[in-house]
>>> print(open('input.txt').read())   # compact mmCIF, C-alpha atoms and all ligand atoms
# COMPACT_ATOMS: atom_id res chain seq x y z
CA MET I 1 59.97 -87.34 73.37
CA LYS I 2 59.02 -86.21 69.91
CA HIS I 3 57.28 -83.30 71.50
CA LEU I 4 60.40 -82.38 73.50
CA LEU I 5 62.64 -82.51 70.44
CA PHE I 6 60.24 -80.29 68.56
CA LEU I 7 60.22 -77.82 71.40
CA SER I 8 64.01 -77.66 71.72
CA ALA I 9 64.30 -77.18 67.96
CA ILE I 10 62.03 -74.16 68.23
CA LEU I 11 64.05 -72.78 71.15
CA LEU I 12 67.32 -73.26 69.25
CA ALA I 13 65.95 -71.53 66.18
CA ALA I 14 64.76 -68.62 68.26
CA ALA I 15 68.08 -68.32 70.10
CA ALA I 16 70.32 -68.61 67.03
CA PRO I 17 70.12 -65.06 65.63
CA ALA I 18 71.00 -63.45 68.95
CA GLN I 19 73.86 -65.84 69.70
CA SER I 20 75.57 -66.22 66.35
CA PRO I 21 78.13 -63.47 65.86
CA LEU I 22 77.69 -61.10 62.93
CA LYS I 23 79.84 -62.49 60.13
CA VAL I 24 81.87 -59.65 58.62
CA VAL I 25 84.22 -59.86 55.64
CA THR I 26 86.34 -56.86 54.67
CA THR I 27 88.63 -56.29 51.71
CA THR I 28 91.56 -54.90 53.73
CA GLN I 29 93.04 -55.63 57.14
CA ASP I 30 92.66 -51.98 58.18
CA LEU I 31 88.90 -52.29 57.89
CA ALA I 32 89.01 -55.70 59.56
CA SER I 33 90.92 -54.26 62.52
CA ILE I 34 88.44 -51.40 63.01
CA ALA I 35 85.44 -53.70 62.46
CA ALA I 36 86.82 -56.22 64.99
CA SER I 37 87.20 -53.43 67.57
CA VAL I 38 83.64 -52.26 66.96
CA GLY I 39 82.10 -55.73 66.72
CA GLY I 40 83.83 -57.12 69.81
CA ASN I 41 82.50 -60.54 70.71
CA LEU I 42 79.29 -59.93 68.76
CA ALA I 43 81.10 -60.20 65.41
CA SER I 44 83.55 -62.49 63.68
CA VAL I 45 85.65 -60.49 61.25
CA SER I 46 88.09 -61.51 58.53
CA SER I 47 89.86 -59.74 55.69
CA LEU I 48 90.21 -60.97 52.12
CA ILE I 49 93.63 -59.34 51.73
CA VAL I 50 96.24 -60.63 54.16
CA GLY I 51 99.89 -59.56 54.39
CA ALA I 52 101.97 -57.26 52.21
CA ARG I 53 99.73 -57.23 49.15
CA ASP I 54 98.93 -54.31 46.88
CA PRO I 55 95.25 -53.61 47.66
CA HIS I 56 94.65 -52.22 44.16
CA HIS I 57 95.36 -55.57 42.57
CA ILE I 58 94.20 -58.88 43.96
CA GLU I 59 92.71 -61.80 42.11
CA ALA I 60 88.96 -62.49 42.52
CA LYS I 61 89.61 -66.04 43.74
CA PRO I 62 86.73 -68.54 44.20
CA SER I 63 87.80 -68.99 47.84
CA TYR I 64 87.04 -65.29 48.43
CA MET I 65 83.59 -65.74 46.87
CA SER I 66 82.77 -68.65 49.17
CA ARG I 67 83.82 -66.63 52.21
CA VAL I 68 81.61 -63.73 51.15
CA ALA I 69 78.78 -66.20 50.49
CA GLY I 70 78.27 -66.62 54.23
CA ALA I 71 78.79 -62.99 55.23
CA ASP I 72 76.20 -60.77 56.94
CA LEU I 73 78.25 -57.65 56.21
CA PHE I 74 80.81 -56.91 53.51
CA ILE I 75 82.96 -53.79 54.03
CA ALA I 76 85.10 -52.30 51.28
CA VAL I 77 87.28 -49.19 51.09
CA GLY I 78 85.40 -47.95 48.02
CA LEU I 79 86.32 -45.05 45.70
CA GLU I 80 87.32 -47.71 43.17
CA LEU I 81 90.29 -49.00 45.18
CA GLU I 82 88.78 -52.47 44.69
CA VAL I 83 87.40 -51.78 41.18
CA GLY I 84 89.45 -54.66 39.72
CA TYR I 85 87.91 -57.40 41.87
CA GLU I 86 85.04 -56.32 44.14
CA GLN I 87 82.16 -56.84 41.73
CA SER I 88 83.44 -60.26 40.61
CA ILE I 89 83.71 -61.43 44.22
CA LEU I 90 80.24 -60.10 45.13
CA SER I 91 78.58 -61.63 42.07
CA GLY I 92 80.43 -64.89 42.54
CA SER I 93 79.32 -65.09 46.18
CA ARG I 94 75.65 -65.27 45.13
CA ASN I 95 74.88 -63.65 48.50
CA GLY I 96 72.03 -61.20 47.91
CA ARG I 97 72.45 -59.58 51.33
CA VAL I 98 75.89 -58.10 50.63
CA GLN I 99 75.41 -56.75 47.10
CA ILE I 100 76.09 -53.02 46.55
CA GLY I 101 73.15 -50.98 47.86
CA GLN I 102 72.02 -53.62 50.37
CA LEU I 103 72.21 -53.20 54.15
CA GLY I 104 74.91 -55.89 54.24
CA HIS I 105 77.24 -53.89 51.98
CA LEU I 106 79.20 -50.92 53.29
CA TYR I 107 81.68 -48.57 51.69
CA ALA I 108 83.73 -47.24 54.59
CA SER I 109 84.45 -44.10 52.53
CA ASP I 110 80.96 -42.71 53.15
CA ASP I 111 81.19 -39.63 55.42
CA VAL I 112 84.98 -39.36 55.06
CA PRO I 113 86.31 -35.98 53.83
CA LEU I 114 88.12 -36.80 50.60
CA VAL I 115 91.10 -35.35 48.76
CA GLY I 116 92.31 -35.81 45.21
CA LYS I 117 89.07 -35.64 43.27
CA PRO I 118 90.12 -34.99 39.68
CA THR I 119 88.70 -31.74 38.32
CA GLY I 120 89.13 -32.29 34.57
CA PRO I 121 88.03 -35.16 32.34
CA VAL I 122 89.50 -38.51 33.41
CA THR I 123 91.23 -40.87 30.97
CA ARG I 124 93.42 -43.93 31.38
CA ALA I 125 96.35 -41.79 30.20
CA GLU I 126 96.22 -40.26 33.67
CA GLY I 127 97.25 -43.64 35.08
CA ASP I 128 95.37 -45.65 37.67
CA ILE I 129 93.21 -42.64 38.42
CA HIS I 130 90.43 -42.86 41.01
CA PRO I 131 87.64 -40.60 39.69
CA TYR I 132 85.85 -40.35 43.07
CA GLY I 133 88.90 -39.19 45.02
CA ASN I 134 92.02 -40.70 46.58
CA PRO I 135 91.01 -43.98 48.27
CA HIS I 136 93.87 -44.18 50.79
CA TYR I 137 91.89 -42.26 53.42
CA TRP I 138 92.33 -44.78 56.27
CA LEU I 139 95.87 -43.48 56.84
CA ASP I 140 94.50 -40.36 58.56
CA PRO I 141 93.65 -41.30 62.18
CA TYR I 142 90.81 -38.77 62.12
CA ASN I 143 89.16 -40.79 59.37
CA ALA I 144 89.57 -44.01 61.35
CA ARG I 145 87.20 -42.49 63.94
CA ILE I 146 84.64 -41.72 61.23
CA ILE I 147 84.96 -45.26 59.85
CA ALA I 148 84.42 -46.74 63.33
CA ASP I 149 81.20 -44.76 63.85
CA HIS I 150 79.98 -45.73 60.42
CA ILE I 151 80.63 -49.43 61.01
CA ALA I 152 78.96 -49.26 64.44
CA ALA I 153 75.83 -47.73 62.90
CA ARG I 154 75.64 -50.40 60.22
CA MET I 155 76.29 -53.28 62.62
CA GLY I 156 73.57 -51.85 64.84
CA ALA I 157 71.15 -51.75 61.91
CA LEU I 158 71.88 -55.40 61.17
CA ARG I 159 71.79 -56.51 64.84
CA PRO I 160 69.62 -54.00 66.76
CA ALA I 161 70.08 -55.97 69.99
CA GLY I 162 73.81 -55.22 69.85
CA ALA I 163 73.56 -51.55 68.86
CA LYS I 164 74.52 -50.18 72.28
CA THR I 165 77.50 -52.50 72.49
CA PHE I 166 78.71 -51.53 69.01
CA ASP I 167 78.46 -47.84 69.91
CA ALA I 168 80.35 -48.35 73.17
CA ASN I 169 83.03 -50.37 71.37
CA ALA I 170 83.39 -47.63 68.75
CA GLU I 171 83.83 -45.06 71.53
CA ALA I 172 86.56 -47.22 73.09
CA PHE I 173 88.30 -47.58 69.73
CA LYS I 174 88.17 -43.83 69.15
CA ARG I 175 89.61 -43.20 72.59
CA SER I 176 92.53 -45.53 71.85
CA VAL I 177 93.18 -43.55 68.64
CA ASP I 178 92.88 -40.25 70.52
CA VAL I 179 95.33 -41.31 73.24
CA ALA I 180 97.78 -42.55 70.60
CA MET I 181 97.39 -39.29 68.66
CA PHE I 182 97.54 -36.67 71.42
CA GLY I 183 98.82 -38.52 74.49
CA ALA I 184 96.85 -39.60 77.57
CA GLN I 185 97.27 -36.32 79.46
CA LEU I 186 95.67 -34.13 76.79
CA VAL I 187 92.83 -36.59 76.24
CA SER I 188 91.93 -36.73 79.92
CA LYS I 189 92.12 -32.93 80.18
CA PHE I 190 90.11 -31.93 77.09
CA GLY I 191 88.53 -35.12 75.67
CA GLY I 192 89.18 -36.48 72.19
CA ASP I 193 86.31 -34.70 70.43
CA LYS I 194 87.52 -31.24 71.47
CA LEU I 195 91.12 -32.04 70.55
CA TRP I 196 90.14 -33.23 67.08
CA GLN I 197 87.93 -30.19 66.60
CA TRP I 198 90.99 -28.00 67.27
CA GLU I 199 93.25 -30.24 65.17
CA VAL I 200 90.95 -30.27 62.14
CA GLY I 201 90.40 -26.52 62.45
CA GLY I 202 94.16 -25.90 62.51
CA GLN I 203 93.97 -24.40 66.03
CA LEU I 204 95.47 -27.17 68.15
CA ALA I 205 98.74 -25.37 68.91
CA SER I 206 97.10 -22.00 69.65
CA GLN I 207 94.33 -23.50 71.79
CA LEU I 208 96.79 -25.58 73.80
CA ALA I 209 99.00 -22.54 74.31
CA ALA I 210 95.99 -20.45 75.39
CA ASN I 211 95.06 -23.17 77.87
CA GLY I 212 98.59 -23.57 79.19
CA ALA I 213 98.68 -27.16 77.97
CA ALA I 214 101.30 -27.04 75.19
CA ASN I 215 103.74 -29.06 77.29
CA LEU I 216 101.22 -31.90 77.71
CA VAL I 217 101.26 -32.92 74.03
CA GLY I 218 102.25 -36.56 73.53
CA GLY I 219 101.63 -39.36 71.09
CA TRP I 220 101.94 -39.10 67.32
CA GLU I 221 101.38 -35.36 67.49
CA LYS I 222 104.58 -34.91 69.49
CA LYS I 223 106.63 -37.48 67.59
CA MET I 224 105.69 -36.01 64.21
CA ALA I 225 106.29 -32.36 65.18
CA PRO I 226 109.87 -32.36 63.79
CA LEU I 227 108.47 -33.35 60.36
CA ASN I 228 106.12 -30.38 60.14
CA GLY I 229 106.74 -28.55 56.85
CA LYS I 230 109.31 -31.12 55.67
CA ALA I 231 109.36 -32.31 52.05
CA ILE I 232 109.31 -36.02 51.17
CA ILE I 233 108.99 -38.19 48.06
CA THR I 234 106.67 -41.20 47.96
CA TYR I 235 106.37 -44.11 45.56
CA HIS I 236 102.58 -44.14 45.07
CA ARG I 237 99.99 -41.46 45.85
CA SER I 238 98.90 -43.41 48.93
CA TRP I 239 100.15 -41.07 51.67
CA SER I 240 98.16 -37.90 50.89
CA TYR I 241 95.83 -38.17 53.90
CA PHE I 242 98.63 -39.13 56.26
CA VAL I 243 100.92 -36.25 55.27
CA ASN I 244 98.06 -33.73 55.33
CA ARG I 245 97.33 -34.66 58.94
CA PHE I 246 100.93 -34.15 60.02
CA GLY I 247 101.85 -31.13 57.89
CA ILE I 248 104.33 -32.92 55.62
CA LYS I 249 104.70 -31.95 51.93
CA ILE I 250 104.97 -34.50 49.12
CA VAL I 251 107.11 -32.89 46.41
CA GLY I 252 107.37 -35.87 44.05
CA GLU I 253 106.31 -39.45 43.41
CA LEU I 254 108.36 -42.24 41.87
CA GLU I 255 105.34 -43.26 39.80
CA PRO I 256 104.99 -40.72 36.97
CA LYS I 257 101.20 -41.20 37.30
CA PRO I 258 99.45 -43.31 39.96
CA GLY I 259 99.77 -46.97 38.97
CA LEU I 260 102.41 -46.44 36.26
CA ASP I 261 105.97 -47.74 36.69
CA PRO I 262 108.80 -45.22 37.18
CA THR I 263 110.66 -44.28 33.98
CA PRO I 264 114.35 -43.24 33.78
CA GLY I 265 113.42 -39.73 32.65
CA HIS I 266 110.97 -39.28 35.52
CA VAL I 267 113.45 -40.58 38.08
CA ALA I 268 116.09 -38.17 36.74
CA SER I 269 113.68 -35.26 37.24
CA LEU I 270 113.11 -36.40 40.84
CA LEU I 271 116.85 -36.06 41.59
CA LYS I 272 116.56 -32.31 40.95
CA ILE I 273 113.32 -32.02 42.94
CA ALA I 274 114.84 -33.92 45.86
CA SER I 275 117.90 -31.68 46.01
CA ALA I 276 115.95 -28.45 45.55
CA ASN I 277 113.57 -29.32 48.42
CA GLY I 278 116.05 -30.92 50.82
CA VAL I 279 114.20 -34.25 50.71
CA LYS I 280 115.41 -36.61 53.44
CA VAL I 281 112.79 -39.35 53.06
CA ILE I 282 111.54 -41.53 50.23
CA LEU I 283 108.49 -43.33 51.64
CA GLN I 284 106.96 -46.48 50.18
CA GLU I 285 105.04 -49.63 51.03
CA PRO I 286 106.86 -52.98 51.23
CA PHE I 287 105.23 -54.46 48.11
CA TYR I 288 106.74 -51.89 45.70
CA HIS I 289 110.24 -52.57 44.33
CA ASP I 290 112.81 -50.23 45.78
CA THR I 291 115.37 -49.97 42.96
CA GLU I 292 114.36 -46.42 41.99
CA ALA I 293 114.03 -45.23 45.58
CA LYS I 294 117.50 -46.54 46.41
CA PHE I 295 118.90 -44.86 43.30
CA VAL I 296 117.41 -41.47 44.20
CA ALA I 297 118.55 -41.94 47.80
CA SER I 298 122.13 -42.76 46.76
CA ARG I 299 122.35 -39.57 44.67
CA THR I 300 120.69 -37.20 47.12
CA GLY I 301 121.49 -38.44 50.63
CA ALA I 302 117.81 -39.16 51.32
CA LYS I 303 116.79 -42.29 53.19
CA VAL I 304 114.41 -44.96 51.88
CA VAL I 305 111.70 -45.55 54.48
CA VAL I 306 109.68 -48.71 53.90
CA ALA I 307 106.51 -48.53 55.99
CA PRO I 308 103.26 -50.51 56.00
CA GLY I 309 100.37 -48.78 54.23
CA SER I 310 97.94 -51.21 55.83
CA VAL I 311 97.59 -53.46 58.84
CA GLY I 312 99.37 -56.75 58.11
CA GLN I 313 101.94 -55.34 55.67
CA ASP I 314 104.55 -55.48 58.44
CA PRO I 315 104.71 -57.69 61.56
CA ALA I 316 104.66 -54.53 63.71
CA ALA I 317 101.36 -53.37 62.15
CA ARG I 318 99.08 -55.78 63.99
CA ASP I 319 96.06 -53.51 64.27
CA TYR I 320 95.05 -49.97 63.35
CA VAL I 321 96.86 -48.15 66.14
CA SER I 322 100.07 -50.16 65.77
CA LEU I 323 99.93 -49.50 62.01
CA ILE I 324 100.08 -45.74 62.52
CA ASN I 325 102.62 -46.23 65.34
CA THR I 326 104.90 -48.08 62.94
CA ILE I 327 104.68 -45.43 60.21
CA VAL I 328 105.24 -42.61 62.72
CA ASP I 329 108.24 -44.34 64.35
CA ARG I 330 109.94 -45.08 61.03
CA LEU I 331 109.53 -41.52 59.80
CA ALA I 332 110.41 -39.87 63.10
CA SER I 333 113.60 -41.93 63.41
CA VAL I 334 115.00 -40.21 60.30
CA TYR I 335 114.55 -36.86 62.03
CA GLY I 336 116.11 -38.01 65.28
CA GLY I 337 112.80 -39.00 66.94
ZN ZN I 401 96.16 -45.88 45.07
>>> encode(input="input.txt", output="structure tokens", more="lines below")
Ligand SMILES: [Zn+2]
Amino acid sequence: MKHLLFLSAILLAAAAPAQSPLKVVTTTQDLASIAASVGGNLASVSSLIVGARDPHHIEAKPSYMSRVAGADLFIAVGLELEVGYEQSILSGSRNGRVQIGQLGHLYASDDVPLVGKPTGPVTRAEGDIHPYGNPHYWLDPYNARIIADHIAARMGALRPAGAKTFDANAEAFKRSVDVAMFGAQLVSKFGGDKLWQWEVGGQLASQLAANGAANLVGGWEKKMAPLNGKAIITYHRSWSYFVNRFGIKIVGELEPKPGLDPTPGHVASLLKIASANGVKVILQEPFYHDTEAKFVASRTGAKVVVAPGSVGQDPAARDYVSLINTIVDRLASVYGG
């Protein structure tokens, strides 16, 4: 009997690493959604931030540290979005595997093409400036594909037996993004990689026309077409990647500098900018107060559009694709979409 117990203990110990799902903790729900798609049933994923919270500012609570203590992989946005709390949570977790530079720590920003890197010297007078570039890159669906590949590679490095599954899951996630972006007909005709190559190179319209496929465009690409070239105002500088993807121009921000509250003088200057550029939309996340946006809207005829900047900031934004769906639908509705 003793012998049998000993034997089954050995078998259990040997089986445990393959059977226990990879424990993943992310800072934001966007990363959790992508990681859950990639990890499938080989990973259990949770996000520290839940709901309509400002991801720049959360408290490094002890409960976060104990969750990270048991993690195999910690994924953060990076670019100093989490500068106010990440290091405290990692140190407090006392988990050596997920410290910065370890295999169990991943900045999803690696490999993502960035915008907004400051060129001059950076001081606090410039506001909540991010010296490594604008960290709100997940709002471009193209970048979500890059993030998925990156997460799949890291999960595969941590669990080599699951590497093929992670890659296949990442491909499936990317296809769901592609279909949502371009519509099912274009994706089955050309494949997502080719379509993105055209899109990123600014040749999508000309290539589709040359291939007699212009009428097959669907998805976000079609819904956002009426907004091409339109001017909008945003609250925070969080929409740069999103508007770049869809050809929208941001002509002003309610924050005088990123992270600084609107001032009366700055808001007054926005009234002129809004009128001069025919601004119809003031776009902001649900956790910012909307007094200033409503004021500018009331004086200019623009509409305040409150949209989730992350998964979980709105009941409709349940996962990555429905997040972008929600933003697209709210914006397009202003332009009759
Ligand atoms: Zn920001």
>>> residues_near_ligand(input="input.txt", ligand="ligand ZN 401 (chain I)", cutoff="8 Å", atoms="only C-alpha atoms and all ligand atoms", output="list in words")
His56, Leu81, Asp128, Ile129, His130, Asn134, Pro135, His136, His236, Arg237, Ser238, Pro258 and Gly259 of chain I
>>> write_last_selection(input="input.txt", atoms="C-alpha atoms", output="JSON list (two decimals), keeping the file's coordinate frame")
[["chain", "number", "residue", "atom", "x", "y", "z"],
["I", 56, "HIS", "CA", 94.65, -52.22, 44.16],
["I", 81, "LEU", "CA", 90.29, -49.00, 45.18],
["I", 128, "ASP", "CA", 95.37, -45.65, 37.67],
["I", 129, "ILE", "CA", 93.21, -42.64, 38.42],
["I", 130, "HIS", "CA", 90.43, -42.86, 41.01],
["I", 134, "ASN", "CA", 92.02, -40.70, 46.58],
["I", 135, "PRO", "CA", 91.01, -43.98, 48.27],
["I", 136, "HIS", "CA", 93.87, -44.18, 50.79],
["I", 236, "HIS", "CA", 102.58, -44.14, 45.07],
["I", 237, "ARG", "CA", 99.99, -41.46, 45.85],
["I", 238, "SER", "CA", 98.90, -43.41, 48.93],
["I", 258, "PRO", "CA", 99.45, -43.31, 39.96],
["I", 259, "GLY", "CA", 99.77, -46.97, 38.97]]
>>> residues_near_point(input="input.txt", point="(76.6, -46.5, 62.6)", cutoff="12 Å", atoms="only C-alpha atoms", output="number ranges by chain")
I: 35, 38-39, 103, 106, 108, 110-111, 145-160, 162-171
>>> atom_distance(input="input.txt", atom1="CA of Asp314 in chain I", atom2="CA of Ser33 in chain I")
14.3 Å
>>> atom_distance(input="input.txt", atom1="CA of Asp30 in chain I", atom2="CA of Thr326 in chain I")
13.7 Å
>>> closest_residue(input="input.txt", among="I:Tyr137, I:Tyr132, I:Tyr320, I:Tyr288", to="Pro113 in chain I", atoms="only C-alpha atoms")
I:Tyr137
>>> residues_around(input="input.txt", residues="Ala316 in chain I", least_positions_apart="5", cutoff="9 Å", atoms="only C-alpha atoms", output="ChimeraX atom specification")
/I:308,311,322-323,325-326
>>> residues_around(input="input.txt", residues="Val25 in chain I", least_positions_apart="3", cutoff="8 Å", atoms="only C-alpha atoms", output="number ranges by chain")
I: 32, 45-48, 67-68, 71, 73-75
>>> write_last_selection(input="input.txt", atoms="C-alpha atoms", output="compact mmCIF listing (two decimals), in the coordinates of the input")
# COMPACT_ATOMS: atom_id res chain seq x y z
CA ALA I 32 89.01 -55.70 59.56
CA VAL I 45 85.65 -60.49 61.25
CA SER I 46 88.09 -61.51 58.53
CA SER I 47 89.86 -59.74 55.69
CA LEU I 48 90.21 -60.97 52.12
CA ARG I 67 83.82 -66.63 52.21
CA VAL I 68 81.61 -63.73 51.15
CA ALA I 71 78.79 -62.99 55.23
CA LEU I 73 78.25 -57.65 56.21
CA PHE I 74 80.81 -56.91 53.51
CA ILE I 75 82.96 -53.79 54.03
>>> residues_around(input="input.txt", residues="Ser240 in chain I", least_positions_apart="4", cutoff="9 Å", atoms="only C-alpha atoms", output="VMD selection string")
chain I and resid 115 to 116 134 136 to 137 139 to 140 244 to 245 249 to 250
>>> write_last_selection(input="input.txt", atoms="C-alpha atoms", output="compact mmCIF listing (two decimals), in the frame of the given file")
# COMPACT_ATOMS: atom_id res chain seq x y z
CA VAL I 115 91.10 -35.35 48.76
CA GLY I 116 92.31 -35.81 45.21
CA ASN I 134 92.02 -40.70 46.58
CA HIS I 136 93.87 -44.18 50.79
CA TYR I 137 91.89 -42.26 53.42
CA LEU I 139 95.87 -43.48 56.84
CA ASP I 140 94.50 -40.36 58.56
CA ASN I 244 98.06 -33.73 55.33
CA ARG I 245 97.33 -34.66 58.94
CA LYS I 249 104.70 -31.95 51.93
CA ILE I 250 104.97 -34.50 49.12
>>> build_atoms(input="input.txt", residues="range 71-80 of chain I", atoms="all heavy atoms", output="short mmCIF file (atom, residue, chain, number, x, y, z; two decimals), keeping the file's coordinate frame")
data_model
loop_
_atom_site.label_atom_id
_atom_site.label_comp_id
_atom_site.auth_asym_id
_atom_site.auth_seq_id
_atom_site.Cartn_x
_atom_site.Cartn_y
_atom_site.Cartn_z
N ALA I 71 78.62 -64.22 54.45
CA ALA I 71 78.79 -62.99 55.23
C ALA I 71 77.46 -62.28 55.47
O ALA I 71 76.57 -62.28 54.63
CB ALA I 71 79.75 -62.04 54.52
N ASP I 72 77.33 -61.67 56.66
CA ASP I 72 76.20 -60.77 56.94
C ASP I 72 76.52 -59.35 56.51
O ASP I 72 75.63 -58.55 56.23
CB ASP I 72 75.90 -60.74 58.45
CG ASP I 72 75.59 -62.12 58.99
OD1 ASP I 72 74.67 -62.75 58.46
OD2 ASP I 72 76.29 -62.56 59.92
N LEU I 73 77.82 -59.02 56.54
CA LEU I 73 78.25 -57.65 56.21
C LEU I 73 79.57 -57.71 55.46
O LEU I 73 80.52 -58.37 55.89
CB LEU I 73 78.41 -56.84 57.51
CG LEU I 73 78.94 -55.40 57.40
CD1 LEU I 73 78.04 -54.54 56.52
CD2 LEU I 73 79.10 -54.77 58.79
N PHE I 74 79.60 -57.02 54.31
CA PHE I 74 80.81 -56.91 53.51
C PHE I 74 81.24 -55.44 53.54
O PHE I 74 80.44 -54.56 53.24
CB PHE I 74 80.53 -57.36 52.08
CG PHE I 74 81.72 -57.27 51.16
CD1 PHE I 74 82.67 -58.29 51.14
CD2 PHE I 74 81.88 -56.18 50.31
CE1 PHE I 74 83.78 -58.21 50.28
CE2 PHE I 74 82.97 -56.10 49.45
CZ PHE I 74 83.92 -57.11 49.43
N ILE I 75 82.48 -55.18 53.94
CA ILE I 75 82.96 -53.79 54.03
C ILE I 75 84.14 -53.61 53.09
O ILE I 75 85.12 -54.36 53.15
CB ILE I 75 83.39 -53.42 55.46
CG1 ILE I 75 82.31 -53.81 56.49
CG2 ILE I 75 83.67 -51.93 55.55
CD1 ILE I 75 82.72 -53.55 57.94
N ALA I 76 84.02 -52.60 52.22
CA ALA I 76 85.10 -52.30 51.28
C ALA I 76 85.55 -50.86 51.48
O ALA I 76 84.83 -50.03 52.04
CB ALA I 76 84.62 -52.50 49.84
N VAL I 77 86.76 -50.56 51.02
CA VAL I 77 87.28 -49.19 51.09
C VAL I 77 86.47 -48.27 50.19
O VAL I 77 86.11 -47.16 50.57
CB VAL I 77 88.78 -49.18 50.69
CG1 VAL I 77 89.29 -47.75 50.53
CG2 VAL I 77 89.61 -49.95 51.71
N GLY I 78 86.18 -48.75 48.97
CA GLY I 78 85.40 -47.95 48.02
C GLY I 78 86.26 -47.00 47.21
O GLY I 78 87.50 -47.14 47.19
N LEU I 79 85.63 -46.02 46.56
CA LEU I 79 86.32 -45.05 45.70
C LEU I 79 87.15 -45.76 44.63
O LEU I 79 88.20 -45.26 44.21
CB LEU I 79 87.21 -44.13 46.55
CG LEU I 79 86.50 -43.38 47.68
CD1 LEU I 79 87.51 -42.65 48.55
CD2 LEU I 79 85.49 -42.39 47.13
N GLU I 80 86.69 -46.92 44.24
CA GLU I 80 87.32 -47.71 43.17
C GLU I 80 88.68 -48.30 43.53
O GLU I 80 89.40 -48.75 42.65
CB GLU I 80 87.41 -46.91 41.87
CG GLU I 80 86.03 -46.59 41.31
CD GLU I 80 86.03 -46.33 39.81
OE1 GLU I 80 87.12 -46.11 39.24
OE2 GLU I 80 84.94 -46.34 39.22
#
